[in-house]
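**Q** My structure file input-v4.cif, mmCIF, C-alpha atoms, is below:
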```cif
data_start
#
loop_
_atom_site.label_atom_id
_atom_site.label_comp_id
_atom_site.auth_asym_id
_atom_site.auth_seq_id
_atom_site.Cartn_x
_atom_site.Cartn_y
_atom_site.Cartn_z
CA MET A 285 1.69 -3.65 -19.11
CA ASN A 286 0.30 -2.22 -22.35
CA THR A 287 -2.75 -4.34 -21.82
CA LEU A 288 -3.91 -2.46 -18.74
CA PRO A 289 -6.55 0.22 -19.40
CA ASN A 290 -5.05 3.69 -19.18
CA ASN A 291 -6.76 4.82 -16.00
CA LEU A 292 -5.80 1.66 -14.13
CA LYS A 293 -2.23 2.01 -15.37
CA GLN A 294 -2.11 5.61 -14.17
CA ILE A 295 -3.32 4.63 -10.72
CA SER A 296 -0.90 1.74 -10.58
CA LEU A 297 2.03 3.96 -11.57
CA PHE A 298 1.05 6.52 -8.94
CA LEU A 299 0.79 3.88 -6.21
CA GLU A 300 4.18 2.52 -7.24
CA ARG A 301 5.73 5.83 -6.19
CA LEU A 302 4.65 5.26 -2.59
CA PRO A 303 7.16 3.72 -0.18
CA GLY A 304 7.08 -0.05 0.07
CA ILE A 305 4.83 -0.58 -2.95
CA GLY A 306 6.24 -2.36 -5.98
CA GLU A 307 4.73 -2.95 -9.40
CA LYS A 308 2.86 -6.14 -8.45
CA THR A 309 1.37 -4.66 -5.30
CA ALA A 310 0.43 -1.47 -7.14
CA ASN A 311 -1.44 -3.51 -9.75
CA ARG A 312 -3.18 -5.54 -7.09
CA LEU A 313 -4.26 -2.39 -5.23
CA ALA A 314 -5.48 -0.70 -8.42
CA PHE A 315 -7.68 -3.72 -9.18
CA TYR A 316 -8.95 -3.75 -5.65
CA LEU A 317 -9.91 -0.08 -5.92
CA LEU A 318 -11.99 -0.93 -8.97
CA ARG A 319 -14.17 -3.18 -6.80
CA LEU A 320 -14.93 -0.58 -4.14
CA PRO A 321 -18.24 1.31 -4.16
CA GLU A 322 -18.31 4.31 -6.51
CA ARG A 323 -19.29 6.61 -3.63
CA ASP A 324 -16.27 5.65 -1.52
CA LEU A 325 -13.90 6.20 -4.44
CA LYS A 326 -15.33 9.64 -5.15
CA GLU A 327 -15.05 10.61 -1.49
CA PHE A 328 -11.45 9.38 -1.37
CA ALA A 329 -10.67 11.28 -4.58
CA GLU A 330 -12.04 14.48 -3.10
CA THR A 331 -10.03 14.16 0.11
CA ILE A 332 -6.84 13.41 -1.83
CA GLY A 333 -7.41 16.36 -4.15
CA SER A 334 -7.74 18.85 -1.32
CA LEU A 335 -5.22 17.19 0.99
CA LYS A 336 -2.40 19.67 0.66
CA SER A 337 -4.47 22.85 0.58
CA LYS A 338 -6.38 21.85 3.71
CA THR A 339 -3.49 20.66 5.87
CA LYS A 340 -1.45 23.22 7.83
CA LEU A 341 1.20 23.19 10.53
CA CYS A 342 0.01 23.99 14.04
CA ARG A 343 1.18 27.50 15.01
CA VAL A 344 2.27 26.22 18.42
CA CYS A 345 3.95 22.85 17.85
CA MET A 346 4.24 22.27 14.06
CA ASN A 347 1.95 19.22 14.28
CA LEU A 348 -0.33 18.77 11.25
CA THR A 349 -3.78 20.26 11.60
CA GLU A 350 -6.73 21.55 9.63
CA ASP A 351 -7.11 24.55 12.00
CA GLU A 352 -4.58 27.10 13.20
CA ILE A 353 -3.84 25.17 16.39
CA CYS A 354 -3.86 21.37 16.66
CA SER A 355 -6.19 19.38 18.89
CA ILE A 356 -3.38 18.52 21.31
CA ASP A 357 -2.47 22.12 22.00
CA LYS A 358 -6.15 23.01 22.34
CA ASP A 359 -6.66 20.27 24.95
CA THR A 360 -6.66 22.01 28.35
CA SER A 361 -6.60 18.69 30.22
CA ARG A 362 -3.02 18.09 29.08
CA ASP A 363 0.10 19.31 30.88
CA HIS A 364 1.39 22.11 28.65
CA GLU A 365 4.56 22.47 30.74
CA ILE A 366 6.01 19.19 29.51
CA ILE A 367 7.09 19.24 25.87
CA THR A 368 8.23 16.15 23.98
CA VAL A 369 10.31 17.01 20.92
CA VAL A 370 9.89 14.46 18.09
CA GLU A 371 11.32 14.20 14.59
CA GLU A 372 8.10 13.47 12.72
CA VAL A 373 4.35 13.59 13.22
CA LEU A 374 4.30 9.79 12.95
CA ASP A 375 6.45 9.61 16.10
CA LEU A 376 3.90 11.77 17.89
CA LEU A 377 1.17 9.37 16.76
CA SER A 378 3.06 6.43 18.28
CA PHE A 379 2.96 8.12 21.69
CA GLU A 380 -0.70 9.04 21.27
CA THR A 381 -1.78 5.55 20.23
CA GLY A 382 -0.51 4.17 23.52
CA ASN A 383 -2.26 6.92 25.49
CA ILE A 384 0.82 6.94 27.73
CA TYR A 385 1.69 10.62 27.70
CA LYS A 386 -0.26 13.65 28.83
CA GLY A 387 2.10 16.50 27.93
CA VAL A 388 2.35 18.33 24.62
CA TYR A 389 4.72 17.99 21.65
CA TYR A 390 6.98 19.84 19.30
CA VAL A 391 7.56 18.41 15.81
CA LEU A 392 10.91 19.14 14.11
CA HIS A 393 9.91 17.67 10.72
CA GLY A 394 13.30 16.06 10.24
CA LYS A 395 16.65 15.55 11.91
CA ILE A 396 20.11 16.95 11.46
CA ASP A 397 21.66 14.78 8.75
CA PRO A 398 24.88 16.22 7.27
CA LEU A 399 25.27 13.40 4.75
CA ASN A 400 21.96 14.42 3.20
CA HIS A 401 22.73 18.13 3.57
CA ILE A 402 20.15 18.73 6.29
CA GLY A 403 21.47 21.20 8.86
CA PRO A 404 19.85 22.62 12.02
CA GLU A 405 18.43 25.51 9.98
CA ASP A 406 16.55 23.11 7.68
CA ILE A 407 14.25 21.77 10.40
CA TYR A 408 12.15 23.60 13.02
CA ILE A 409 14.86 23.94 15.69
CA GLN A 410 15.05 27.74 15.79
CA GLN A 411 11.26 27.94 16.13
CA LEU A 412 11.44 25.51 19.06
CA LEU A 413 14.13 27.62 20.75
CA ASP A 414 12.11 30.80 20.15
CA ARG A 415 9.07 29.20 21.73
CA VAL A 416 11.00 27.95 24.75
CA SER A 417 12.59 31.38 25.07
CA GLU A 418 9.19 33.02 25.05
CA LEU A 419 7.75 30.57 27.58
CA THR A 420 10.64 31.16 29.99
CA SER A 421 11.06 34.91 29.79
CA SER A 422 7.83 36.22 31.29
CA ARG A 423 8.10 38.10 34.56
CA VAL A 424 5.74 38.04 37.54
CA ASN A 425 6.37 40.79 40.13
CA GLY A 426 9.81 41.33 38.68
CA LEU A 427 10.74 37.65 39.08
CA LYS A 428 11.48 35.38 36.13
CA LYS A 429 8.77 32.81 35.71
CA THR A 430 9.03 29.69 33.54
CA ARG A 431 6.08 27.91 32.02
CA ILE A 432 8.11 24.83 31.22
CA LYS A 433 8.85 21.97 33.60
CA GLU A 434 10.54 19.54 31.28
CA ILE A 435 11.59 19.05 27.68
CA ILE A 436 11.85 15.41 26.60
CA LEU A 437 14.08 14.84 23.60
CA ALA A 438 12.44 11.91 21.79
CA MET A 439 14.60 11.67 18.71
CA ASN A 440 15.13 8.21 17.22
CA PRO A 441 18.00 6.13 18.64
CA ASP A 442 20.21 6.41 15.57
CA MET A 443 23.24 8.54 14.71
CA GLU A 444 21.33 11.47 13.24
CA GLY A 445 18.73 11.39 16.01
CA GLU A 446 21.52 11.41 18.58
CA ALA A 447 23.26 14.35 16.89
CA THR A 448 19.99 16.27 16.72
CA ALA A 449 19.26 15.61 20.40
CA MET A 450 22.75 16.75 21.44
CA TYR A 451 22.51 19.89 19.36
CA ILE A 452 19.12 20.83 20.79
CA ARG A 453 20.24 20.02 24.35
CA ASP A 454 23.19 22.43 24.05
CA ARG A 455 21.06 25.18 22.57
CA LEU A 456 18.40 24.71 25.27
CA LYS A 457 21.07 25.02 27.94
CA GLU A 458 22.01 28.38 26.45
CA VAL A 459 18.37 29.48 26.68
CA LYS A 460 18.20 28.37 30.33
CA LYS A 461 21.38 30.27 31.13
CA HIS A 462 20.35 33.36 29.20
CA ASN A 463 16.89 33.57 30.77
CA GLY A 464 18.12 32.44 34.18
CA VAL A 465 15.46 29.74 34.50
CA TYR A 466 15.39 26.03 35.24
CA PHE A 467 13.63 23.19 33.49
CA LYS A 468 14.59 19.56 33.05
CA ILE A 469 15.97 18.31 29.73
CA THR A 470 15.59 14.53 29.36
CA ARG A 471 16.11 11.84 26.74
CA LEU A 472 14.10 8.62 26.26
CA ALA A 473 15.53 5.50 27.91
CA TYR A 474 17.43 2.96 25.81
CA GLY A 475 17.31 -0.75 26.44
CA LEU A 476 15.73 -4.03 25.49
CA PRO A 477 12.28 -3.74 23.98
CA ILE A 478 9.51 -5.51 25.87
CA GLY A 479 9.08 -9.07 24.64
CA ALA A 480 12.56 -9.16 23.10
CA SER A 481 14.84 -12.14 23.46
CA LEU A 482 18.38 -11.54 24.76
CA GLU A 483 19.57 -14.12 22.27
CA TYR A 484 18.62 -11.98 19.31
CA ALA A 485 19.36 -8.53 20.74
CA ASP A 486 22.09 -6.51 18.98
CA TYR A 487 25.12 -5.61 21.04
CA MET A 488 24.43 -1.84 20.94
CA THR A 489 21.06 -2.37 22.58
CA LEU A 490 22.60 -4.79 25.09
CA GLN A 491 25.30 -2.27 25.92
CA LYS A 492 22.67 0.44 26.48
CA SER A 493 20.60 -1.90 28.62
CA ILE A 494 23.63 -2.60 30.83
CA GLU A 495 24.63 1.06 31.05
CA GLY A 496 21.10 2.04 31.98
CA ARG A 497 20.46 -0.80 34.45
CA ASN A 498 18.30 0.03 37.45
CA GLU A 499 18.34 -1.16 41.03
CA TYR A 500 15.86 -3.94 41.58
CA MET B 83 -5.58 8.61 16.45
CA ASN B 84 -7.71 11.60 17.43
CA THR B 85 -4.69 13.78 16.91
CA LEU B 86 -4.54 13.23 13.17
CA PRO B 87 -6.19 15.97 11.08
CA ASN B 88 -9.50 14.80 9.69
CA ASN B 89 -8.51 14.63 6.05
CA LEU B 90 -5.37 12.61 6.79
CA LYS B 91 -7.37 10.30 9.02
CA GLN B 92 -9.93 9.76 6.24
CA ILE B 93 -7.22 8.89 3.75
CA SER B 94 -5.53 6.60 6.23
CA LEU B 95 -8.80 4.78 7.00
CA PHE B 96 -9.48 4.35 3.31
CA LEU B 97 -6.02 2.95 2.63
CA GLU B 98 -6.44 0.56 5.56
CA ARG B 99 -9.29 -1.09 3.67
CA LEU B 100 -6.91 -2.14 0.90
CA PRO B 101 -5.43 -5.65 1.06
CA GLY B 102 -2.10 -5.94 2.86
CA ILE B 103 -2.21 -2.46 4.36
CA GLY B 104 -2.47 -2.12 8.12
CA GLU B 105 -2.95 0.93 10.31
CA LYS B 106 0.75 1.83 10.54
CA THR B 107 1.36 1.49 6.80
CA ALA B 108 -1.81 3.44 6.04
CA ASN B 109 -0.59 6.29 8.23
CA ARG B 110 2.84 6.24 6.64
CA LEU B 111 1.34 6.32 3.14
CA ALA B 112 -1.04 9.16 4.04
CA PHE B 113 1.89 11.24 5.28
CA TYR B 114 3.85 10.42 2.18
CA LEU B 115 0.97 11.58 0.00
CA LEU B 116 1.07 14.90 1.80
CA ARG B 117 4.59 15.45 0.50
CA LEU B 118 3.81 14.82 -3.16
CA PRO B 119 3.31 17.73 -5.57
CA GLU B 120 -0.20 19.23 -5.52
CA ARG B 121 -0.56 18.66 -9.27
CA ASP B 122 0.12 14.91 -9.01
CA LEU B 123 -2.37 14.51 -6.17
CA LYS B 124 -5.09 16.30 -8.11
CA GLU B 125 -4.45 14.17 -11.17
CA PHE B 126 -4.54 11.00 -9.06
CA ALA B 127 -7.77 12.15 -7.40
CA GLU B 128 -9.39 12.72 -10.79
CA THR B 129 -8.42 9.28 -12.08
CA ILE B 130 -9.66 7.59 -8.91
CA GLY B 131 -12.94 9.50 -9.04
CA SER B 132 -13.73 8.39 -12.58
CA LEU B 133 -12.17 4.92 -12.29
CA LYS B 134 -15.35 2.89 -12.15
CA SER B 135 -17.37 4.85 -14.69
CA LYS B 136 -14.56 4.70 -17.25
CA THR B 137 -13.61 1.05 -16.92
CA LYS B 138 -15.63 -1.57 -18.80
CA LEU B 139 -15.37 -5.25 -19.58
CA CYS B 140 -14.19 -6.13 -23.09
CA ARG B 141 -17.13 -7.42 -25.14
CA VAL B 142 -15.01 -10.26 -26.48
CA CYS B 143 -12.96 -11.57 -23.54
CA MET B 144 -14.12 -9.77 -20.34
CA ASN B 145 -10.69 -8.15 -19.90
CA LEU B 146 -10.80 -4.64 -18.44
CA THR B 147 -10.77 -1.85 -20.99
CA GLU B 148 -11.72 1.77 -21.53
CA ASP B 149 -13.15 0.97 -24.99
CA GLU B 150 -15.65 -1.63 -26.12
CA ILE B 151 -12.94 -4.10 -27.10
CA CYS B 152 -9.61 -4.47 -25.28
CA SER B 153 -6.22 -3.85 -26.88
CA ILE B 154 -5.42 -7.58 -26.97
CA ASP B 155 -8.49 -8.50 -28.98
CA LYS B 156 -7.87 -5.55 -31.31
CA ASP B 157 -4.31 -6.72 -31.99
CA THR B 158 -4.37 -8.47 -35.37
CA SER B 159 -0.80 -9.74 -34.96
CA ARG B 160 -1.96 -12.15 -32.26
CA ASP B 161 -3.30 -15.65 -32.83
CA HIS B 162 -7.03 -15.36 -32.12
CA GLU B 163 -7.51 -19.09 -32.47
CA ILE B 164 -5.71 -19.85 -29.20
CA ILE B 165 -7.61 -18.76 -26.11
CA THR B 166 -6.16 -18.88 -22.60
CA VAL B 167 -8.83 -18.89 -19.91
CA VAL B 168 -7.72 -17.17 -16.68
CA GLU B 169 -9.42 -16.48 -13.37
CA GLU B 170 -8.49 -12.83 -13.03
CA VAL B 171 -7.16 -9.93 -15.09
CA LEU B 172 -4.03 -9.98 -12.92
CA ASP B 173 -3.28 -13.50 -14.18
CA LEU B 174 -3.53 -12.21 -17.74
CA LEU B 175 -1.07 -9.46 -16.84
CA SER B 176 1.43 -12.05 -15.57
CA PHE B 177 1.45 -13.72 -18.99
CA GLU B 178 1.69 -10.37 -20.77
CA THR B 179 4.59 -9.12 -18.65
CA GLY B 180 6.69 -12.04 -19.75
CA ASN B 181 5.77 -11.48 -23.40
CA ILE B 182 5.65 -15.28 -23.70
CA TYR B 183 2.24 -15.77 -25.24
CA LYS B 184 0.78 -14.58 -28.51
CA GLY B 185 -2.80 -15.89 -28.35
CA VAL B 186 -5.79 -14.18 -26.78
CA TYR B 187 -7.52 -14.57 -23.40
CA TYR B 188 -10.80 -15.07 -21.67
CA VAL B 189 -11.24 -13.75 -18.12
CA LEU B 190 -13.66 -15.56 -15.80
CA HIS B 191 -13.48 -12.98 -12.99
CA GLY B 192 -13.45 -15.64 -10.33
CA LYS B 193 -13.42 -19.37 -9.81
CA ILE B 194 -15.96 -21.95 -8.69
CA ASP B 195 -15.74 -21.91 -4.91
CA PRO B 196 -18.65 -23.69 -3.19
CA LEU B 197 -17.43 -22.82 0.31
CA ASN B 198 -17.84 -19.14 -0.55
CA HIS B 199 -21.08 -19.77 -2.44
CA ILE B 200 -19.61 -19.06 -5.86
CA GLY B 201 -21.06 -21.41 -8.44
CA PRO B 202 -20.46 -21.71 -12.22
CA GLU B 203 -23.26 -19.21 -12.87
CA ASP B 204 -21.56 -16.53 -10.75
CA ILE B 205 -18.55 -16.18 -13.04
CA TYR B 206 -18.32 -15.75 -16.82
CA ILE B 207 -18.38 -19.44 -17.75
CA GLN B 208 -21.64 -19.41 -19.74
CA GLN B 209 -20.40 -16.41 -21.75
CA LEU B 210 -17.20 -18.32 -22.53
CA LEU B 211 -19.19 -21.36 -23.69
CA ASP B 212 -21.44 -19.15 -25.80
CA ARG B 213 -18.44 -17.57 -27.45
CA VAL B 214 -16.77 -20.91 -28.14
CA SER B 215 -20.07 -22.21 -29.48
CA GLU B 216 -20.35 -19.24 -31.81
CA LEU B 217 -16.75 -19.57 -33.00
CA THR B 218 -17.22 -23.27 -33.80
CA SER B 219 -20.66 -23.28 -35.44
CA SER B 220 -20.08 -21.29 -38.61
CA ARG B 221 -20.43 -23.18 -41.91
CA VAL B 222 -18.37 -22.81 -45.05
CA ASN B 223 -19.91 -24.52 -48.12
CA GLY B 224 -22.09 -26.58 -45.82
CA LEU B 225 -19.07 -27.83 -43.83
CA LYS B 226 -18.59 -27.03 -40.16
CA LYS B 227 -15.64 -24.68 -39.66
CA THR B 228 -13.98 -23.92 -36.34
CA ARG B 229 -12.12 -20.74 -35.61
CA ILE B 230 -10.50 -22.17 -32.47
CA LYS B 231 -7.34 -24.30 -32.42
CA GLU B 232 -6.78 -24.58 -28.69
CA ILE B 233 -8.20 -23.52 -25.35
CA ILE B 234 -5.65 -23.37 -22.53
CA LEU B 235 -7.15 -23.64 -19.06
CA ALA B 236 -4.88 -21.47 -16.92
CA MET B 237 -6.64 -21.62 -13.59
CA ASN B 238 -4.51 -21.45 -10.47
CA PRO B 239 -3.12 -24.76 -9.16
CA ASP B 240 -5.36 -24.92 -6.10
CA MET B 241 -8.50 -26.85 -5.28
CA GLU B 242 -10.97 -24.26 -6.58
CA GLY B 243 -8.89 -23.62 -9.69
CA GLU B 244 -8.78 -27.35 -10.36
CA ALA B 245 -12.53 -27.69 -9.92
CA THR B 246 -13.15 -24.75 -12.23
CA ALA B 247 -10.84 -26.19 -14.89
CA MET B 248 -12.51 -29.59 -14.73
CA TYR B 249 -15.98 -28.09 -14.96
CA ILE B 250 -15.05 -25.96 -17.97
CA ARG B 251 -13.29 -28.90 -19.66
CA ASP B 252 -16.42 -31.05 -19.41
CA ARG B 253 -18.66 -28.27 -20.71
CA LEU B 254 -16.26 -27.56 -23.58
CA LYS B 255 -16.29 -31.24 -24.55
CA GLU B 256 -20.07 -31.00 -24.80
CA VAL B 257 -19.72 -28.03 -27.14
CA LYS B 258 -17.22 -29.93 -29.28
CA LYS B 259 -19.53 -32.90 -29.48
CA HIS B 260 -22.64 -30.82 -30.14
CA ASN B 261 -21.01 -28.76 -32.91
CA GLY B 262 -19.06 -31.71 -34.25
CA VAL B 263 -15.77 -29.82 -34.25
CA TYR B 264 -12.28 -30.39 -32.87
CA PHE B 265 -10.00 -28.14 -30.88
CA LYS B 266 -7.42 -28.92 -28.21
CA ILE B 267 -8.19 -28.36 -24.54
CA THR B 268 -5.01 -28.06 -22.45
CA ARG B 269 -3.99 -27.25 -18.91
CA LEU B 270 -0.80 -25.47 -17.73
CA ALA B 271 2.08 -27.74 -16.69
CA TYR B 272 2.73 -28.37 -13.00
CA GLY B 273 6.20 -28.85 -11.57
CA LEU B 274 9.12 -27.24 -9.87
CA PRO B 275 9.36 -23.49 -10.41
CA ILE B 276 12.57 -22.30 -12.08
CA GLY B 277 15.23 -21.46 -9.50
CA ALA B 278 13.55 -23.58 -6.83
CA SER B 279 15.47 -25.89 -4.58
CA LEU B 280 14.35 -29.52 -4.31
CA GLU B 281 15.18 -29.36 -0.63
CA TYR B 282 12.43 -26.83 0.04
CA ALA B 283 9.84 -28.01 -2.47
CA ASP B 284 6.52 -29.21 -1.04
CA TYR B 285 5.59 -32.83 -1.70
CA MET B 286 2.57 -31.92 -3.85
CA THR B 287 4.79 -30.02 -6.26
CA LEU B 288 7.36 -32.83 -6.21
CA GLN B 289 4.67 -35.38 -6.95
CA LYS B 290 3.44 -33.30 -9.90
CA SER B 291 6.98 -32.87 -11.17
CA ILE B 292 7.50 -36.65 -11.11
CA GLU B 293 4.13 -37.38 -12.74
CA GLY B 294 4.83 -34.84 -15.45
CA ARG B 295 8.45 -35.83 -16.09
CA ASN B 296 9.65 -35.55 -19.69
CA GLU B 297 12.09 -37.58 -21.70
CA TYR B 298 15.49 -35.97 -21.75
#
```
Take the structure I supplied and represent it as structure tokens, if you would.
**A**
Amino acid sequence: MNTLPNNLKQISLFLERLPGIGEKTANRLAFYLLRLPERDLKEFAETIGSLKSKTKLCRVCMNLTEDEICSIDKDTSRDHEIITVVEEVLDLLSFETGNIYKGVYYVLHGKIDPLNHIGPEDIYIQQLLDRVSELTSSRVNGLKKTRIKEIILAMNPDMEGEATAMYIRDRLKEVKKHNGVYFKITRLAYGLPIGASLEYADYMTLQKSIEGRNEY
Amino acid sequence: MNTLPNNLKQISLFLERLPGIGEKTANRLAFYLLRLPERDLKEFAETIGSLKSKTKLCRVCMNLTEDEICSIDKDTSRDHEIITVVEEVLDLLSFETGNIYKGVYYVLHGKIDPLNHIGPEDIYIQQLLDRVSELTSSRVNGLKKTRIKEIILAMNPDMEGEATAMYIRDRLKEVKKHNGVYFKITRLAYGLPIGASLEYADYMTLQKSIEGRNEY
């Protein structure tokens, strides 16, 4: 690789650090970049350079945003009484791409993962509980009033996601009890993905799809 | 995707333009970039921004370089009388990675591809012929002297590569004849790749491996 000009080598080495990109792909991408219009490269360079300083966490839901509050929480047409809790912003994007959900979100930025030394205090669980507490402790004419209808726990269907969901469920129940309010706590359905073939389904998924079978 | 902050969306859209990167991967990479140290991002941005203005073609062989002449042509330990002609700089890198070749190169930056309207005049064929002409037309004590021993045509083994190799071979023969000099013109060997299984080899490769069989 000594034959590559320095700047191309630098770019290639940087790209190699990204997930899923090996040396060959990094080289290929670096060469491709060289063929793009100068103007586009400069614009890209500028955005990359200011990426971190310009991106913040939404004050309300920890989603990424350039303002104080993200576009989802600003959107008054959405149902702010239904909150879907996700591990990462990318999970939120999956829901949004499908345009299948009209509530709001809360992003934990991780999951409880003891093997990697990530405990509940390392992700935004306490902030979620504080927010729920606040939304359920207002009083109208002396009566408790909740501004939450439902919290959907949308962690990933793996061991850490499951542990995180269970932990949050138990803590949310405490909040409900403490504030004397009611809201639903739900979890995403498990089962066969659409278009899947039974023949190739793993037995865990099959088991879940039997457990969760619906009348038809 | 309206929910992504503008700067992340810009980066993601840019990455999506690169070969082999779809929307999902682009998003994932953009988020990954956000987690890298500020200093590394700024450095990367700077290199990207100046990429095109800093990268030139080597005066001798059309390889990419930051100087006038690339590091390969500057290397006096190499055999400058053997020239391997490749389509792209990436092909050159493949040879260099293996450290299997000690001659020099010539990069065409493309191949003859009539279906995509790329003719001989659209790639650096004439420049190659001019260089070979120059290297074979010097006179020592009135006698013609060639400074080329061999030209290896290392085009890819596909239809366009084959056409390019044949075209260059014929033009090189003209140069030899015109200058009254001799040098070898060779083509890379075809056959089964190392580690391949006969069972899965395509018949074109098998045919080539039979045609090119060696005494053993």
**Q** Suppose a student applies the PyMOL selection byres ((chain B) within 7 of (chain A)) to this structure; what residues should they get, written as a PyMOL selection string?
**A** chain B and resi 83+85+87+89+93+100+111+116+120+123-124+126-131+133-134+146-148+153-154+175+178-179
**Q** Could you tell me how far CA of His393 in chain A lies from CA of Tyr408 in chain A, in Å and to one decimal?
**A**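 Taking CA of His393 in chain A as the start and CA of Tyr408 in chain A as the end point, the length is 6.7 Å.
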**Q** Find the distance between CA of Ala485 in chain A and CA of Asp442 in chain A and write it in Å to one decimal.
**A** 15.8 Å
**Q** Between CA of Ala247 in chain B and CA of Leu235 in chain B, what is the distance, to one decimal in Å?
**A**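 Interatomic distance, CA of Ala247 in chain B to CA of Leu235 in chain B: 6.1 Å.
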**Q** Please write as a PyMOL selection string the full residue list that the PyMOL selection byres ((chain B and resi 271) around 12) yields on this file.
**A** chain B and resi 234-239+268-270+272-275+287+290-296
**Q** Find the spatial neighbours of His260 in chain B, counting all atoms listed in the file, within a cut-off of 12 Å - ignore same-chain residues fewer than 6 positions away - and output them as a ChimeraX atom specification.
**A** /B:211,214-216,218-219,226,253-254
**Q** Could you write out that same residue set with C-alpha atoms as a PDB file, keeping the file's coordinate frame?
**A**
```
ATOM      1  CA  LEU B 211     -19.190 -21.360 -23.690  1.00  0.00           C
ATOM      2  CA  VAL B 214     -16.770 -20.910 -28.140  1.00  0.00           C
ATOM      3  CA  SER B 215     -20.070 -22.210 -29.480  1.00  0.00           C
ATOM      4  CA  GLU B 216     -20.350 -19.240 -31.810  1.00  0.00           C
ATOM      5  CA  THR B 218     -17.220 -23.270 -33.800  1.00  0.00           C
ATOM      6  CA  SER B 219     -20.660 -23.280 -35.440  1.00  0.00           C
ATOM      7  CA  LYS B 226     -18.590 -27.030 -40.160  1.00  0.00           C
ATOM      8  CA  ARG B 253     -18.660 -28.270 -20.710  1.00  0.00           C
ATOM      9  CA  LEU B 254     -16.260 -27.560 -23.580  1.00  0.00           C
TER      10      LEU B 254
END
```
**Q** Taking all listed atoms of range 208-221 of chain B, build the axis-aligned box, pad each of the six sides by 3 Å, then write its centre and edge lengths in Å to one decimal as lines of an AutoDock Vina configuration file.
**A**
```
center_x = -19.2
center_y = -19.8
center_z = -30.8
size_x = 10.9
size_y = 12.9
size_z = 28.2
```
**Q** Quick one: residues within 7 Å of range 156-163 of chain B, all atoms listed in the file, excluding same-chain residues fewer than 6 positions away - as a short mmCIF file (atom, residue, chain, number, x, y, z; two decimals) with C-alpha atoms, in the coordinates of the input?
**A**
```cif
data_model
loop_
_atom_site.label_atom_id
_atom_site.label_comp_id
_atom_site.auth_asym_id
_atom_site.auth_seq_id
_atom_site.Cartn_x
_atom_site.Cartn_y
_atom_site.Cartn_z
CA LYS B 184 0.78 -14.58 -28.51
CA GLY B 185 -2.80 -15.89 -28.35
CA VAL B 186 -5.79 -14.18 -26.78
CA ARG B 229 -12.12 -20.74 -35.61
CA ILE B 230 -10.50 -22.17 -32.47
CA LYS B 231 -7.34 -24.30 -32.42
CA GLU B 232 -6.78 -24.58 -28.69
#
```
**Q** Which residues match the PyMOL selection byres ((chain B and resi 265) around 9) in the file above, as JSON, numbers by chain?
**A** {"B": [228, 230, 231, 232, 233, 258, 263, 264, 266, 267]}
**Q** Convert the current residue selection to file output with C-alpha atoms, as an mmCIF file, keeping the file's coordinate frame.
**A**
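Below is the file that was written, out00.cif:
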```
data_model
loop_
_atom_site.group_PDB
_atom_site.id
_atom_site.type_symbol
_atom_site.label_atom_id
_atom_site.label_comp_id
_atom_site.auth_asym_id
_atom_site.auth_seq_id
_atom_site.Cartn_x
_atom_site.Cartn_y
_atom_site.Cartn_z
ATOM 1 C CA THR B 228 -13.980 -23.920 -36.340
ATOM 2 C CA ILE B 230 -10.500 -22.170 -32.470
ATOM 3 C CA LYS B 231 -7.340 -24.300 -32.420
ATOM 4 C CA GLU B 232 -6.780 -24.580 -28.690
ATOM 5 C CA ILE B 233 -8.200 -23.520 -25.350
ATOM 6 C CA LYS B 258 -17.220 -29.930 -29.280
ATOM 7 C CA VAL B 263 -15.770 -29.820 -34.250
ATOM 8 C CA TYR B 264 -12.280 -30.390 -32.870
ATOM 9 C CA LYS B 266 -7.420 -28.920 -28.210
ATOM 10 C CA ILE B 267 -8.190 -28.360 -24.540
#
```
**Q** Which one is closest to Asp195 in chain B: B:Met241, B:Ile250, B:Met144, B:Val257? Count only C-alpha atoms.
**A**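 Closest to Asp195 in chain B of all the choices is B:Met241.
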**Q** Pick the closest to Val370 in chain A from A:Gly445, A:Leu341, A:Tyr385, A:Leu427: which is it, counting only C-alpha atoms?
**A**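 Of A:Gly445, A:Leu341, A:Tyr385, A:Leu427, the one nearest Val370 in chain A is A:Gly445, counting only C-alpha atoms.
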